[in-house]
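Below is one structure; the comments refer to it alone.
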Amino acid sequence: MGVDLDRRAVTWGLVAVAVTVAMVILGSAGLRWFDAALVGYLFGVLFAIFGTVYRYAVWLRRPPTAVMRRRGWQAFFDRDIRRGNLRMVPGLVGANLLAQSFISKRSRLRWIAHQLVFWGCVLAVLVTFPLVFGWFHFESVGQRGREYQAFVAGFGTITFGSRTPFGWVVFHLLDISAVLVLAGVFIFLSRRLRDPGALAVERANDFLPLAGLFAVSVTGIMLTVSNLWMEGRFYTFITTLHALTVILGLMYVPFGKLFHIFQRPANLGAEFYKRAGAHGPQQACRECGAQFASALQMGDLKEEVLPQMGFDYRLDDGHWQDVCPRCRRRLFALAQSARVGGFG
């Protein structure tokens with residue numbers, strides 16, 4: 001049985017790959033500074049870009065996401081609340097995307113783990129991608145083997161010594177990112193193996209992202225270990241193993257839990273959507289009369305999202321979505337009781 005691909009999403013994916021290839025060619029001065037030894041990494045990145053853009057394009061057109069995206073932009077440009085929205089943007093970006101403060105409300109330890117993994121991965125991407133694309137390279141200065149100059153897109157920038165603290169940090173940025181990621185991975189593993197709540201909802205594939213991050217980080221650090229303390233022993237083998245883990249990790253990104261990294265920015269639109277709903281009329285429960293959601297959100301749910309997804313919750317005298325969650329639980333319990341002949 002064949003798999004039907006979304007043609008529009010395929011087109012967007014191919015466009016993203018073409019743009020990336022063009023940027024590689026331009027940024028590396030016609031591939032002059034592109035390292036052929038990194039071609040495997042490049043193909044891994046291109047595959048990840050295609051898969052991520054494809055899935056994101058499909059995800060954006062799903063009924064709930066499509067409504068949220070449309071309403072989010074409408075709310076952001078709403079004339080009555082636009083000025084307040086603009087003031088909210090820096091705070092939302094800082095709290096929701098960078099600091100991820102919403103996680104700290106669940107557990108401070110989980111927040112620390114997320115921050116370690118997040119910033120470790122961000123640092124690794126900021127270093128690895130420019131190097132793989134040929135945008136960034138180093139050249140020794142004159143006959144001094146310990147002096148280097150950094151070049152960005154072929155233009156010379158700063159000069160530094162490899163034995164200076166700054167030079168050590170520059171040449172060990174990937175090691176630093178690996179240590180951050182490993183610290184976060186160990187915290188996650190400790191929680192998943194010891195916390196009763198986490199064990200109760202554990203699934204087989206929950207360990208896969210952690211295993212991938214662990215493998216990439218450990219093999220990356222082993223390259224440095226081989227170079228500094230093992231006189232280069234097993235360096236070729238470790239290089240091949242590290243490349244394999246990185247490429248497989250990149251290919252996993254569009255299909256696994258790590259895809260939520262690209263979904264998170266949509267949360268900003270959800271915040272504007274909520275703010276617009278809070279400024280409008282509220283939905284009152286048909287049972288108890290309590291207000292439990294915005295009329296804007298409930299209207300979108302009843303009129304667009306549920307019909308497109310094939311759900312029909314209409315009642316003879318209204319809609320099931322007009323009932324608040326508390327009353328739904330009560331009515332559900334009463335229906336179950338009547339079904340089995342009472343609470344006794």
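Residue numbering restarts at 1 for every chain of the structure tokens, chains are lettered A, B, ... in their displayed order, and ligands are numbered from 1 as they appear.
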
List as JSON, numbers by chain the protein and nucleic acid residues near A:Tyr56, meaning an atom at most 9 Å away when only C-alpha atoms are counted, but skip any in the same chain fewer than 6 places from it.
{"A": [9, 254, 259, 262, 263]}

For stretch 181-186 of chain A, work out the shell of residues within 12 Å, counting only C-alpha atoms and skipping chain neighbours fewer than 5 positions away, then give it as a PyMOL selection string.
chain A and resi 109-124+174-176+191-193+207-221

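Candidate residues A:Leu334, A:Ala284, A:Ile103, A:Val152 were compared for distance to A:Phe133, and the nearest is A:Val152, using only C-alpha atoms.
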
Could you build a table of the residues in stretch 276-296 of chain A lying no more than 12 Å from stretch 266-272 of chain A, giving for each the nearest pair of atoms and their separation in Å rounded to one decimal place, using only C-alpha atoms, ordered by chain and ascending residue number, as a Markdown table?
| residue | atom | partner | partner_atom | distance |
| --- | --- | --- | --- | --- |
| A:Ala276 | CA | A:Phe272 | CA | 6.2 |
| A:Gly277 | CA | A:Phe272 | CA | 8.6 |
| A:Ala278 | CA | A:Phe272 | CA | 9.8 |
| A:His279 | CA | A:Phe272 | CA | 10.8 |

Saved selection, atoms kept: N, CA and C atoms, as a short mmCIF file (atom, residue, chain, number, x, y, z; two decimals), in the first residue's frame:
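File result_17.cif, as written:
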data_model
loop_
_atom_site.label_atom_id
_atom_site.label_comp_id
_atom_site.auth_asym_id
_atom_site.auth_seq_id
_atom_site.Cartn_x
_atom_site.Cartn_y
_atom_site.Cartn_z
N ALA A 276 -7.07 37.89 22.83
CA ALA A 276 -8.21 38.41 22.07
C ALA A 276 -9.52 37.84 22.60
N GLY A 277 -9.52 36.54 22.94
CA GLY A 277 -10.72 35.93 23.49
C GLY A 277 -11.09 36.50 24.84
N ALA A 278 -10.08 36.82 25.66
CA ALA A 278 -10.34 37.37 26.99
C ALA A 278 -10.96 38.75 26.93
N HIS A 279 -10.70 39.49 25.83
CA HIS A 279 -11.27 40.83 25.67
C HIS A 279 -12.68 40.80 25.09
#

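For the residues A:Gly249, A:Leu31, A:Val170, A:Thr164, ranking by smallest atom-to-atom distance to A:Ala150 using only C-alpha atoms places A:Val170 first.
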
Apply DSSP to the backbone of this structure and, from stretch 3-140 of chain A, keep only the residues in helix (DSSP H, G or I); write these as an NGL selection string.
:A and (7-27 or 36-60 or 63-76 or 82-98 or 101-104 or 108-133)

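Residues within 10 Å of A:Ala295, counting only C-alpha atoms and excluding same-chain residues fewer than 2 positions away, are Gly277, Ala278, Gly280, Pro281, Gln282, Gln283, Ala284, Gln291, Phe292, Ala293, Gln297, Met298, Gly299, Asp300, Leu301 and Asp322 of chain A.
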
Please provide as number ranges by chain all residues within 10 Å of A:Val24, with the sequence filter that same-chain residues fewer than 5 positions apart are discarded (counting only C-alpha atoms).
A: 18-19, 29-31, 33-34, 42, 130, 132-135, 153

Polymer residues at most 12 Å from A:Leu14, only C-alpha atoms, same-chain spacing of 5 or more positions, as a list in words
Arg7, Arg8, Ala9, Val19, Thr20, Val21, Leu46, Phe47, Ala48, Ile49, Phe50, Gly51, Thr52, Val53, Tyr54 and Ala57 of chain A

Next, write the just-selected residues to a file, as a CSV table (one decimal), in the first residue's frame, keeping C-alpha atoms as the atom set.
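Contents of the output file part14.csv:
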chain,number,residue,atom,x,y,z
A,7,ARG,CA,2.3,17.8,-2.8
A,8,ARG,CA,2.2,21.2,-1.4
A,9,ALA,CA,4.4,20.2,1.6
A,19,VAL,CA,17.5,27.7,-0.7
A,20,THR,CA,19.9,26.0,1.8
A,21,VAL,CA,22.0,24.6,-1.1
A,46,LEU,CA,19.3,18.7,4.0
A,47,PHE,CA,17.3,15.6,4.9
A,48,ALA,CA,16.3,17.1,8.2
A,49,ILE,CA,15.4,20.4,6.6
A,50,PHE,CA,13.2,18.7,4.0
A,51,GLY,CA,11.5,16.4,6.6
A,52,THR,CA,11.0,19.2,9.1
A,53,VAL,CA,9.5,21.7,6.5
A,54,TYR,CA,7.3,18.9,5.1
A,57,ALA,CA,3.6,22.4,6.4

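Proximity of A:Phe76, A:Ala16, A:Val201, A:Lys302 to A:Leu315, computed with only C-alpha atoms, is greatest for A:Lys302.
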
What residues in stretch 56-262 of chain A get the DSSP label strand (DSSP E)? Please answer as a ChimeraX atom specification.
/A:136-141,144-152,155-161
